[in-house]
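Undergrad: Dropping in my_file.txt, with compact mmCIF, C-alpha atoms and all ligand atoms.
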```
# COMPACT_ATOMS: atom_id res chain seq x y z
CA MET P 521 -61.19 39.95 -111.76
CA GLY P 522 -60.65 43.68 -112.14
CA LEU P 523 -57.67 45.04 -114.03
CA THR P 524 -55.86 46.23 -110.94
CA ARG P 525 -52.11 46.44 -110.44
CA LEU P 526 -50.30 43.45 -108.97
CA ARG P 527 -49.45 43.18 -105.29
CA GLY P 528 -46.06 44.74 -104.57
CA PHE P 529 -46.14 46.79 -107.79
CA GLN P 530 -46.73 50.52 -107.68
CA ASP P 531 -48.10 53.27 -109.86
CA LEU P 532 -46.00 56.31 -109.12
CA ILE P 533 -48.10 59.34 -109.90
CA GLY P 534 -47.13 63.02 -109.80
CA PRO P 535 -45.22 63.82 -106.58
CA ASP P 536 -44.49 60.11 -105.93
CA ALA P 537 -42.83 59.75 -109.33
CA ARG P 538 -41.05 63.03 -108.79
CA ALA P 539 -39.62 61.92 -105.43
CA VAL P 540 -38.03 58.97 -107.24
CA SER P 541 -36.67 61.28 -109.96
CA VAL P 542 -35.25 63.68 -107.35
CA VAL P 543 -33.20 60.82 -105.89
CA GLU P 544 -32.12 59.53 -109.31
CA ASP P 545 -31.21 63.01 -110.60
CA CYS P 546 -29.16 63.76 -107.49
CA ALA P 547 -27.29 60.43 -107.67
CA ARG P 548 -26.68 60.84 -111.41
CA ALA P 549 -25.23 64.34 -111.01
CA ILE P 550 -22.90 63.13 -108.27
CA ALA P 551 -21.86 60.02 -110.27
CA GLU P 552 -21.02 62.30 -113.21
CA ARG P 553 -18.89 64.44 -110.88
CA HIS P 554 -17.04 61.25 -109.95
CA ALA P 555 -16.21 60.74 -113.66
CA MET P 556 -18.49 57.72 -114.06
CA HIS P 557 -20.16 56.62 -117.28
CA GLU P 558 -23.70 55.47 -117.73
CA ILE P 559 -24.46 51.88 -118.64
CA ARG P 560 -27.90 50.57 -119.69
CA ILE P 561 -28.45 46.85 -119.60
CA PRO P 562 -31.43 44.55 -120.33
CA LEU P 563 -34.20 43.88 -117.83
CA ILE P 564 -34.17 40.19 -118.75
CA GLU P 565 -31.21 37.79 -118.67
CA ARG P 566 -30.65 34.03 -118.61
CA ILE P 567 -31.45 32.75 -115.12
CA GLU P 568 -27.96 31.15 -114.87
CA LEU P 569 -26.43 34.61 -114.68
CA TYR P 570 -28.08 35.21 -111.30
CA GLN P 571 -27.58 31.64 -110.12
CA ARG P 572 -23.85 31.95 -110.73
CA SER P 573 -23.41 35.44 -109.24
CA THR P 574 -26.11 36.49 -106.79
CA GLY P 575 -25.84 32.88 -105.59
CA GLU P 576 -27.91 29.67 -105.57
CA THR P 577 -28.30 29.84 -101.80
CA SER P 578 -29.24 33.51 -101.59
CA ASP P 579 -32.88 34.28 -100.78
CA VAL P 580 -33.05 36.35 -103.95
CA VAL P 581 -32.29 33.41 -106.27
CA GLU P 582 -33.86 30.72 -104.12
CA LYS P 583 -37.24 32.36 -103.53
CA GLN P 584 -37.64 35.72 -105.20
CA MET P 585 -36.95 35.44 -108.91
CA TYR P 586 -39.55 36.18 -111.57
CA ALA P 587 -38.48 33.39 -113.93
CA PHE P 588 -40.14 32.02 -117.05
CA THR P 589 -39.38 29.76 -119.99
CA ASP P 590 -38.85 31.43 -123.36
CA ARG P 591 -40.62 30.15 -126.48
CA ASP P 592 -37.35 29.36 -128.26
CA GLU P 593 -36.39 25.80 -129.19
CA ALA P 594 -33.96 25.46 -126.32
CA GLU P 595 -36.67 26.61 -123.91
CA THR P 596 -34.20 28.98 -122.28
CA VAL P 597 -35.15 29.92 -118.74
CA LEU P 598 -35.10 33.69 -118.32
CA ALA P 599 -35.44 35.95 -115.32
CA LEU P 600 -36.40 39.55 -114.68
CA ARG P 601 -33.35 41.17 -113.11
CA PRO P 602 -33.48 41.15 -109.30
CA GLU P 603 -30.39 43.41 -109.11
CA GLY P 604 -28.06 45.22 -111.50
CA THR P 605 -24.59 43.93 -110.62
CA PRO P 606 -24.67 40.58 -112.51
CA GLY P 607 -25.93 42.18 -115.75
CA VAL P 608 -23.31 44.93 -115.56
CA VAL P 609 -20.54 42.36 -115.02
CA ARG P 610 -21.84 40.28 -117.94
CA ALA P 611 -21.99 43.34 -120.21
CA TYR P 612 -18.47 44.38 -119.17
CA ILE P 613 -17.09 40.95 -120.03
CA GLU P 614 -19.13 40.67 -123.22
CA ALA P 615 -17.78 44.00 -124.46
CA GLY P 616 -14.25 42.65 -123.88
CA LEU P 617 -13.45 45.46 -121.44
CA ASP P 618 -12.01 43.09 -118.84
CA ARG P 619 -9.11 42.52 -121.25
CA SER P 620 -8.94 45.68 -123.38
CA GLU P 621 -9.52 48.40 -120.76
CA PRO P 622 -10.23 46.79 -117.37
CA GLU P 623 -10.53 49.98 -115.35
CA GLN P 624 -14.11 51.15 -115.80
CA ARG P 625 -16.54 53.24 -113.73
CA PHE P 626 -20.24 52.74 -114.40
CA TYR P 627 -23.57 53.93 -113.06
CA TYR P 628 -27.05 52.65 -113.90
CA SER P 629 -30.60 53.29 -112.92
CA GLY P 630 -33.83 51.39 -113.37
CA PRO P 631 -36.38 48.88 -112.13
CA MET P 632 -35.49 45.60 -110.41
CA PHE P 633 -37.86 42.73 -109.59
CA ARG P 634 -37.99 40.52 -106.51
CA ARG P 635 -40.95 38.42 -105.46
CA GLU P 636 -40.69 39.36 -101.79
CA ARG P 637 -43.48 39.74 -99.26
CA PRO P 638 -44.58 43.35 -99.79
CA GLN P 639 -44.50 45.76 -96.87
CA LYS P 640 -43.55 49.38 -96.24
CA GLY P 641 -40.38 50.04 -98.25
CA ARG P 642 -40.39 46.57 -99.80
CA PHE P 643 -41.83 46.17 -103.27
CA ARG P 644 -41.78 43.53 -105.97
CA GLN P 645 -40.77 46.13 -108.54
CA PHE P 646 -38.46 48.80 -107.18
CA HIS P 647 -35.77 51.09 -108.53
CA GLN P 648 -32.08 51.00 -107.90
CA PHE P 649 -29.44 53.56 -108.74
CA GLY P 650 -26.22 51.57 -108.83
CA VAL P 651 -22.52 52.10 -109.30
CA GLU P 652 -19.93 49.46 -110.29
CA ILE P 653 -16.19 50.09 -110.54
CA PHE P 654 -13.91 47.53 -112.18
CA GLY P 655 -10.13 47.14 -112.11
CA ARG P 656 -9.54 48.86 -108.78
CA SER P 657 -8.57 46.64 -105.86
CA ASP P 658 -7.42 49.48 -103.58
CA ALA P 659 -9.14 50.60 -100.40
CA ALA P 660 -9.39 54.18 -101.71
CA CYS P 661 -11.93 52.98 -104.22
CA ASP P 662 -14.16 51.46 -101.49
CA ALA P 663 -13.82 54.68 -99.51
CA GLU P 664 -14.73 56.75 -102.58
CA LEU P 665 -18.03 54.85 -102.89
CA LEU P 666 -18.96 55.61 -99.30
CA ILE P 667 -17.90 59.24 -99.69
CA MET P 668 -20.09 59.43 -102.77
CA ILE P 669 -23.10 58.07 -100.87
CA ASP P 670 -22.40 60.62 -98.16
CA GLU P 671 -22.43 63.39 -100.79
CA ILE P 672 -25.84 62.17 -101.99
CA ARG P 673 -27.05 62.00 -98.39
CA ARG P 674 -25.91 65.55 -97.69
CA GLU P 675 -27.34 66.96 -100.90
CA LEU P 676 -30.74 65.48 -100.00
CA GLY P 677 -30.44 66.56 -96.38
CA LEU P 678 -30.90 63.09 -94.87
CA ALA P 679 -29.61 61.60 -91.62
CA LEU P 680 -28.35 58.07 -92.38
CA GLU P 681 -26.11 55.60 -90.57
CA PHE P 682 -23.20 54.00 -92.41
CA GLN P 683 -22.38 50.45 -91.31
CA VAL P 684 -19.22 48.83 -92.67
CA ASN P 685 -17.62 45.42 -92.34
CA SER P 686 -15.06 43.19 -93.99
CA LEU P 687 -15.88 39.61 -94.97
CA GLY P 688 -12.30 38.70 -95.86
CA ASP P 689 -11.16 37.08 -99.09
CA ALA P 690 -10.63 33.62 -100.58
CA GLN P 691 -7.64 33.18 -98.28
CA CYS P 692 -9.15 33.99 -94.89
CA ARG P 693 -12.89 33.43 -95.45
CA PRO P 694 -12.72 29.60 -95.14
CA ALA P 695 -11.49 29.85 -91.53
CA PHE P 696 -14.33 32.25 -90.65
CA ARG P 697 -16.82 29.97 -92.41
CA ALA P 698 -15.55 26.98 -90.45
CA ALA P 699 -15.79 28.87 -87.15
CA LEU P 700 -19.37 29.91 -87.94
CA LEU P 701 -20.27 26.35 -88.87
CA GLU P 702 -18.91 25.08 -85.58
CA TRP P 703 -20.72 27.82 -83.62
CA GLY P 704 -23.93 27.15 -85.58
CA HIS P 705 -23.92 23.45 -84.73
CA ALA P 706 -23.26 24.21 -81.07
CA ASN P 707 -26.22 26.65 -81.00
CA LEU P 708 -28.56 24.86 -83.40
CA ASP P 709 -31.45 24.66 -80.92
CA LYS P 710 -31.46 28.45 -80.59
CA LEU P 711 -31.55 29.17 -84.33
CA CYS P 712 -34.62 29.49 -86.55
CA GLU P 713 -35.91 26.82 -88.99
CA ASP P 714 -34.36 28.64 -91.97
CA CYS P 715 -30.98 28.58 -90.26
CA HIS P 716 -31.12 24.80 -89.92
CA GLN P 717 -31.09 24.72 -93.72
CA ARG P 718 -28.67 27.62 -94.15
CA ILE P 719 -26.06 26.18 -91.88
CA GLU P 720 -24.80 23.59 -94.37
CA ARG P 721 -25.46 25.50 -97.56
CA ASN P 722 -24.41 29.03 -96.59
CA PRO P 723 -23.30 29.35 -92.95
CA LEU P 724 -22.58 33.10 -93.27
CA ARG P 725 -26.31 33.69 -93.55
CA ILE P 726 -26.98 32.42 -90.04
CA LEU P 727 -25.83 35.83 -88.86
CA ASP P 728 -29.05 37.08 -90.45
CA CYS P 729 -31.09 34.80 -88.16
CA LYS P 730 -34.29 36.73 -87.50
CA ILE P 731 -35.33 34.78 -84.40
CA ASP P 732 -32.84 35.88 -81.85
CA VAL P 733 -30.50 38.76 -82.40
CA LYS P 734 -28.98 38.14 -78.96
CA VAL P 735 -27.90 34.63 -80.00
CA ALA P 736 -26.13 36.00 -83.08
CA GLU P 737 -24.18 38.36 -80.84
CA SER P 738 -22.16 35.45 -79.47
CA ALA P 739 -21.23 34.27 -83.00
CA PRO P 740 -17.68 34.62 -84.33
CA SER P 741 -16.87 37.96 -85.96
CA SER P 742 -15.45 38.06 -89.49
CA LEU P 743 -13.01 40.77 -88.39
CA ASP P 744 -11.25 38.32 -86.05
CA TYR P 745 -10.42 36.05 -88.97
CA LEU P 746 -9.06 38.57 -91.49
CA CYS P 747 -5.67 37.80 -93.01
CA GLU P 748 -2.98 40.48 -92.93
CA ALA P 749 -3.81 41.84 -96.40
CA CYS P 750 -7.55 42.07 -95.65
CA ARG P 751 -6.87 43.65 -92.28
CA LYS P 752 -4.68 46.32 -93.91
CA HIS P 753 -7.27 46.95 -96.60
CA PHE P 754 -10.05 47.45 -94.04
CA ALA P 755 -7.89 49.68 -91.83
CA MET P 756 -7.18 51.89 -94.86
CA VAL P 757 -10.90 52.15 -95.68
CA GLU P 758 -11.52 53.26 -92.09
CA THR P 759 -8.69 55.81 -92.17
CA LEU P 760 -9.95 57.33 -95.41
CA LEU P 761 -13.54 57.54 -94.16
CA THR P 762 -12.42 59.26 -90.98
CA GLN P 763 -10.27 61.66 -92.97
CA ALA P 764 -13.18 62.49 -95.26
CA GLY P 765 -15.46 63.08 -92.28
CA VAL P 766 -17.90 60.29 -93.15
CA PRO P 767 -19.36 59.04 -89.86
CA TYR P 768 -19.64 55.24 -89.78
CA VAL P 769 -19.90 52.30 -87.41
CA VAL P 770 -18.27 48.89 -87.83
CA ASN P 771 -20.92 46.15 -87.81
CA PRO P 772 -19.12 42.79 -87.72
CA ARG P 773 -22.46 40.90 -87.92
CA MET P 774 -23.36 42.32 -91.32
CA VAL P 775 -23.03 39.59 -93.94
CA ARG P 776 -25.19 40.87 -96.85
CA GLY P 777 -27.67 38.59 -98.60
CA LEU P 778 -25.80 38.11 -101.88
CA ASP P 779 -22.99 35.64 -102.38
CA TYR P 780 -20.34 37.51 -104.34
CA TYR P 781 -18.92 39.83 -101.70
CA THR P 782 -15.28 39.88 -100.55
CA ARG P 783 -13.57 42.25 -98.15
CA THR P 784 -15.42 45.57 -97.66
CA THR P 785 -19.21 45.42 -97.36
CA PHE P 786 -21.56 48.15 -96.23
CA GLU P 787 -25.16 49.05 -95.60
CA VAL P 788 -26.53 52.52 -95.11
CA VAL P 789 -29.62 52.58 -92.92
CA SER P 790 -32.33 55.09 -92.19
CA GLY P 791 -34.34 55.29 -89.01
CA ALA P 792 -37.22 56.86 -90.90
CA VAL P 793 -38.43 54.10 -93.23
CA GLY P 794 -39.60 51.32 -90.92
CA ALA P 795 -38.35 47.74 -90.78
CA GLN P 796 -36.83 47.90 -94.27
CA SER P 797 -34.16 50.27 -93.09
CA ALA P 798 -31.31 49.55 -95.55
CA VAL P 799 -31.51 52.35 -98.08
CA VAL P 800 -28.16 51.72 -99.79
CA ALA P 801 -25.98 48.61 -99.81
CA GLY P 802 -22.90 47.32 -101.53
CA GLY P 803 -19.35 46.15 -101.28
CA ARG P 804 -16.39 44.59 -103.00
CA TYR P 805 -16.70 41.52 -105.25
CA ASP P 806 -13.18 40.74 -106.43
CA GLY P 807 -13.84 37.22 -107.72
CA LEU P 808 -17.06 37.86 -109.62
CA VAL P 809 -15.75 38.90 -113.04
CA GLU P 810 -13.62 35.76 -113.20
CA ALA P 811 -16.43 33.55 -111.88
CA LEU P 812 -18.60 34.73 -114.77
CA GLY P 813 -15.96 33.86 -117.35
CA GLY P 814 -13.92 37.08 -117.49
CA ALA P 815 -10.37 37.99 -116.57
CA PRO P 816 -9.41 38.18 -112.88
CA VAL P 817 -10.44 41.80 -112.40
CA ALA P 818 -11.46 43.39 -109.08
CA GLY P 819 -14.89 44.95 -108.64
CA THR P 820 -16.71 47.07 -106.10
CA GLY P 821 -20.03 48.92 -106.07
CA PHE P 822 -23.31 49.78 -104.42
CA ALA P 823 -26.99 50.21 -105.15
CA ILE P 824 -29.37 52.78 -103.75
CA GLY P 825 -32.93 51.64 -103.02
CA VAL P 826 -34.53 54.66 -104.66
CA GLU P 827 -38.05 54.25 -103.18
CA ARG P 828 -36.58 53.82 -99.72
CA ILE P 829 -34.61 57.07 -100.03
CA ALA P 830 -37.79 58.69 -101.34
CA LEU P 831 -39.59 57.47 -98.18
CA ALA P 832 -36.82 58.93 -96.03
CA LEU P 833 -37.22 62.23 -97.92
CA GLU P 834 -40.94 62.19 -97.24
CA ALA P 835 -40.31 61.57 -93.54
CA ALA P 836 -37.85 64.50 -93.56
CA LYS P 837 -40.59 66.64 -95.18
CA TYR P 838 -38.48 67.32 -98.28
CA ARG P 839 -40.55 69.40 -100.69
CA VAL P 840 -40.79 67.32 -103.85
CA LYS P 841 -43.95 68.78 -105.33
CA ALA P 842 -43.16 70.87 -108.40
CA VAL P 843 -45.62 73.68 -108.97
CA PRO P 844 -45.92 75.82 -112.09
CA ASP P 845 -44.52 79.32 -112.04
CA ALA P 846 -47.37 80.49 -114.21
CA ALA P 847 -50.71 79.45 -115.69
CA ILE P 848 -51.58 81.32 -118.89
CA ILE P 849 -55.20 82.11 -119.56
CA ALA P 850 -56.19 83.06 -123.09
CA MET P 851 -59.67 84.60 -123.19
CA GLY P 852 -61.04 84.02 -126.67
CA GLU P 853 -59.53 82.22 -129.67
CA ALA P 854 -57.67 85.24 -130.94
CA ALA P 855 -55.46 85.29 -127.83
CA VAL P 856 -54.44 81.61 -128.00
CA ALA P 857 -51.50 82.06 -130.38
CA SER P 858 -50.06 84.86 -128.24
CA ALA P 859 -50.54 82.77 -125.09
CA MET P 860 -48.62 79.89 -126.68
CA GLU P 861 -45.85 82.23 -127.82
CA ILE P 862 -45.45 83.82 -124.39
CA ALA P 863 -45.38 80.33 -122.83
CA GLN P 864 -42.53 79.31 -125.14
CA ARG P 865 -40.55 82.39 -124.24
CA MET P 866 -41.05 81.75 -120.53
CA ARG P 867 -40.04 78.08 -120.86
CA SER P 868 -36.84 79.14 -122.64
CA ALA P 869 -36.09 81.13 -119.47
CA ASN P 870 -36.50 77.88 -117.53
CA LEU P 871 -39.88 78.76 -116.07
CA ARG P 872 -42.54 76.08 -115.54
CA VAL P 873 -45.63 77.09 -117.48
CA GLU P 874 -49.04 75.61 -118.29
CA VAL P 875 -51.32 77.13 -120.93
CA LEU P 876 -54.86 76.52 -119.75
CA SER P 877 -57.71 75.37 -121.98
CA PRO P 878 -59.26 78.26 -123.95
CA GLU P 879 -62.59 76.44 -123.87
CA ARG P 880 -63.48 77.40 -120.31
CA GLY P 881 -64.52 80.60 -118.58
CA LEU P 882 -62.22 82.89 -116.57
CA LYS P 883 -63.58 81.86 -113.17
CA SER P 884 -63.09 78.16 -113.80
CA LEU P 885 -59.58 78.78 -115.21
CA LEU P 886 -58.53 80.82 -112.19
CA ARG P 887 -59.74 77.96 -110.02
CA ARG P 888 -57.58 75.54 -112.02
CA ALA P 889 -54.56 77.88 -111.74
CA ASP P 890 -55.06 77.88 -108.00
CA ARG P 891 -55.49 74.10 -107.78
CA ILE P 892 -52.26 73.34 -109.63
CA GLY P 893 -50.46 75.71 -107.25
CA ALA P 894 -49.33 78.21 -109.92
CA HIS P 895 -47.61 81.26 -108.53
CA TYR P 896 -48.94 83.58 -111.24
CA ALA P 897 -51.88 83.68 -113.60
CA LEU P 898 -51.26 85.52 -116.88
CA ILE P 899 -54.47 86.70 -118.47
CA ILE P 900 -54.69 87.77 -122.12
CA GLY P 901 -58.06 88.84 -123.49
CA GLU P 902 -58.92 90.66 -126.74
CA ASN P 903 -58.30 94.02 -125.10
CA GLU P 904 -54.82 92.99 -123.84
CA LEU P 905 -54.03 91.44 -127.23
CA ALA P 906 -54.81 94.67 -129.05
CA ARG P 907 -52.52 96.62 -126.71
CA GLY P 908 -49.68 94.05 -126.53
CA VAL P 909 -50.01 93.62 -122.75
CA VAL P 910 -51.01 90.94 -120.22
CA GLN P 911 -52.59 91.01 -116.77
CA LEU P 912 -50.19 89.40 -114.32
CA ARG P 913 -51.97 88.18 -111.19
CA ASP P 914 -49.93 86.99 -108.22
CA LEU P 915 -52.11 84.17 -106.91
CA ARG P 916 -50.40 84.16 -103.53
CA THR P 917 -51.16 87.81 -102.78
CA SER P 918 -54.11 88.30 -105.18
CA SER P 919 -52.47 91.51 -106.47
CA GLN P 920 -52.68 92.20 -110.20
CA ARG P 921 -50.75 94.47 -112.55
CA GLU P 922 -50.55 95.13 -116.25
CA LEU P 923 -47.29 94.48 -118.09
CA ALA P 924 -46.08 94.64 -121.69
CA GLN P 925 -45.92 91.10 -123.17
CA SER P 926 -42.20 91.55 -123.72
CA GLU P 927 -41.62 92.32 -120.04
CA VAL P 928 -43.49 89.51 -118.37
CA THR P 929 -40.77 86.82 -118.45
CA GLY P 930 -38.20 89.19 -117.01
CA ALA P 931 -40.61 90.29 -114.28
CA ILE P 932 -41.21 86.71 -113.12
CA VAL P 933 -37.58 85.61 -113.38
CA SER P 934 -36.40 88.57 -111.30
CA GLU P 935 -39.01 87.80 -108.62
CA PRO P 936 -37.09 86.32 -105.65
CA ALA P 937 -39.73 83.60 -105.21
CA ALA P 938 -39.50 82.33 -108.82
CA ALA P 939 -39.82 78.62 -108.09
CA THR P 940 -38.27 77.14 -111.19
CA GLY P 941 -38.54 73.40 -110.97
CA GLY P 942 -38.55 73.41 -107.16
P1 LIG P 1001 -29.15 44.66 -102.19
O1 LIG P 1001 -28.79 44.85 -100.77
O2 LIG P 1001 -29.85 43.39 -102.54
O3 LIG P 1001 -27.81 44.80 -103.03
O4 LIG P 1001 -30.05 45.87 -102.67
C1 LIG P 1001 -29.58 47.20 -102.58
C2 LIG P 1001 -30.69 48.11 -102.06
O5 LIG P 1001 -31.85 47.97 -102.88
C3 LIG P 1001 -31.19 47.74 -100.66
O6 LIG P 1001 -30.37 48.30 -99.66
C4 LIG P 1001 -32.56 48.38 -100.67
O7 LIG P 1001 -32.48 49.75 -100.37
C5 LIG P 1001 -33.01 48.21 -102.11
N1 LIG P 1001 -33.94 47.07 -102.21
C6 LIG P 1001 -33.64 45.76 -102.26
N2 LIG P 1001 -34.76 45.02 -102.34
C7 LIG P 1001 -35.80 45.88 -102.33
C8 LIG P 1001 -37.23 45.74 -102.39
N3 LIG P 1001 -37.81 44.55 -102.50
N4 LIG P 1001 -37.99 46.86 -102.35
C9 LIG P 1001 -37.42 48.08 -102.26
N5 LIG P 1001 -36.08 48.28 -102.22
C10 LIG P 1001 -35.28 47.20 -102.25
C11 LIG P 1001 -27.76 44.73 -104.39
O8 LIG P 1001 -28.73 44.68 -105.09
C12 LIG P 1001 -26.36 44.78 -104.95
N6 LIG P 1001 -26.44 44.63 -106.42
C13 LIG P 1001 -25.67 46.08 -104.56
C14 LIG P 1001 -24.28 46.16 -105.10
C15 LIG P 1001 -23.88 46.80 -106.22
N7 LIG P 1001 -23.22 45.56 -104.60
C16 LIG P 1001 -22.16 45.81 -105.35
N8 LIG P 1001 -22.56 46.55 -106.36
```
Rewrite the structure of this file - the entire thing - as structure tokens.
Ligand code: HAM
TA:
Amino acid sequence: MGLTRLRGFQDLIGPDARAVSVVEDCARAIAERHAMHEIRIPLIERIELYQRSTGETSDVVEKQMYAFTDRDEAETVLALRPEGTPGVVRAYIEAGLDRSEPEQRFYYSGPMFRRERPQKGRFRQFHQFGVEIFGRSDAACDAELLIMIDEIRRELGLALEFQVNSLGDAQCRPAFRAALLEWGHANLDKLCEDCHQRIERNPLRILDCKIDVKVAESAPSSLDYLCEACRKHFAMVETLLTQAGVPYVVNPRMVRGLDYYTRTTFEVVSGAVGAQSAVVAGGRYDGLVEALGGAPVAGTGFAIGVERIALALEAAKYRVKAVPDAAIIAMGEAAVASAMEIAQRMRSANLRVEVLSPERGLKSLLRRADRIGAHYALIIGENELARGVVQLRDLRTSSQRELAQSEVTGAIVSEPAAATGG
């Protein structure tokens, strides 16, 4: 067996890795503007954490966990994190924040692992950029999350659809659950095999029935069962979204695959990434902190599927490739030190610079400069060295001029096309 990568796992090389970073950097900058703090949590946790939060009957816990037994005496069963929310809640409780300073705003970023059937936009290792806010039970906080996602969307220039719903709370959910159960039994012959199992264990999931979308359309809607408080909360979310100019649709069939949600839930979908169209998802989880042993503190959040947004960027022809501003060519050993020094000066001015190998000839180095897409080639030979100058060749126009070494950075920076980092 060759040493190839595993199915559903990806090597992200060059522009592919950069597309992921573009999404993460954009989300991070916007999270910082929303006064959020970074949190970094382990990739591995006890499996119980996910069983008790993501949910025993969720597909994620039931079928998709990478779990293994540790070599400790207790033979603890561990799992690679399939999502970030449970670990963030655990860390929040473990740090005592639920009691000392319950209102907290976190963001995180990193790989998640789910043993799903790989397809376009669905991987076994993927990246999420997530946000979790604790101690805020108001609708404005839910609206802020959606506004934030809209800011990310706009900054990246993407067209996405926002779908929102409310699943009610501990007070009104049981009536909705009972209505679904009754409807499910009455329509059992029309539902898929999976739904026959789901119906007793987790009736909400039958709205995800893949066999017949039309059948699900006749199912009860969660919105019809909301209690007064949940109805008011949802109406406020809608008002605030409208006021902020975030276009959205209400999708009363959206139930989300994870068990901890209460009240507001949402999915943001893209038409450009194939069947796996949910690029961001989240919602409120007011009972989760308490269920995991903490104080009764409200929670709400979302996670961006970073690769899926990167796919949407690719479809929108977003330019993610970063090309060097300049390639520096030192002809002969004597010129190497000067080449390195000029490169440092240019990098301090935020230019992207590669010093090419002094072991190759001019023709081959110019070919390399061209291949890496450099805008300029800077050539320093013995003659230039002696006179304190460089040859600056614009590789896009093939024009060349001589400049004093001290002038070259300024000349490139003042060029309107200086492509720093782009
Ligand atoms: P989720 O819907 O399971 O929610 O995942 C969030 C996003 O992660 C999805 O919308 C999708 O873009 C991406 N994603 C999920 N699975 C895969 C996969 N196999 N391959 C590629 N991308 C994937 C959560 O994980 C919740 N923790 C979100 C949340 C945070 N709710 C409240 N706070």
Undergrad: Counting all atoms listed in the file, which residue out of P:Gly522, P:Pro694, P:Gly819, P:Gly765 sits closest to ligand LIG 1001 (chain P)?
TA: P:Gly819
Undergrad: Write as a compact mmCIF listing (two decimals) with C-alpha atoms, in the frame of the given file the residues around ligand LIG 1001 (chain P), taking 6 Å as the cut-off and counting all atoms listed in the file.
TA:
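Writing done, so here's out02.txt:
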```
# COMPACT_ATOMS: atom_id res chain seq x y z
CA GLU P 603 -30.39 43.41 -109.11
CA GLY P 604 -28.06 45.22 -111.50
CA THR P 605 -24.59 43.93 -110.62
CA ARG P 634 -37.99 40.52 -106.51
CA GLU P 636 -40.69 39.36 -101.79
CA GLY P 641 -40.38 50.04 -98.25
CA ARG P 642 -40.39 46.57 -99.80
CA PHE P 643 -41.83 46.17 -103.27
CA ARG P 644 -41.78 43.53 -105.97
CA PHE P 646 -38.46 48.80 -107.18
CA GLN P 648 -32.08 51.00 -107.90
CA GLY P 650 -26.22 51.57 -108.83
CA GLU P 652 -19.93 49.46 -110.29
CA ALA P 798 -31.31 49.55 -95.55
CA VAL P 799 -31.51 52.35 -98.08
CA VAL P 800 -28.16 51.72 -99.79
CA ALA P 801 -25.98 48.61 -99.81
CA GLY P 802 -22.90 47.32 -101.53
CA GLY P 803 -19.35 46.15 -101.28
CA THR P 820 -16.71 47.07 -106.10
CA GLY P 821 -20.03 48.92 -106.07
CA PHE P 822 -23.31 49.78 -104.42
CA ALA P 823 -26.99 50.21 -105.15
CA ILE P 824 -29.37 52.78 -103.75
CA GLY P 825 -32.93 51.64 -103.02
CA ARG P 828 -36.58 53.82 -99.72
```
Undergrad: Work out how far apart atom CA of P:Ala594 and atom CA of P:Tyr612 are and give it in Å to one decimal.
TA: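 Atom-to-atom, atom CA of P:Ala594 and atom CA of P:Tyr612 are spaced 25.5 Å apart.
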Undergrad: For atom CA of P:Ile667 and atom CA of P:Asp545, determine how far apart the two atoms are, in Å to one decimal place.
TA: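 So the two atoms, atom CA of P:Ile667 and atom CA of P:Asp545, lie 17.6 Å apart.
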Undergrad: So which residues touch stretch 578-589 of chain P within 6 Å, counting all atoms listed in the file, skipping near sequence neighbours fewer than 5 positions away, as a PyMOL selection string?
TA: chain P and resi 595-600+634-636+778
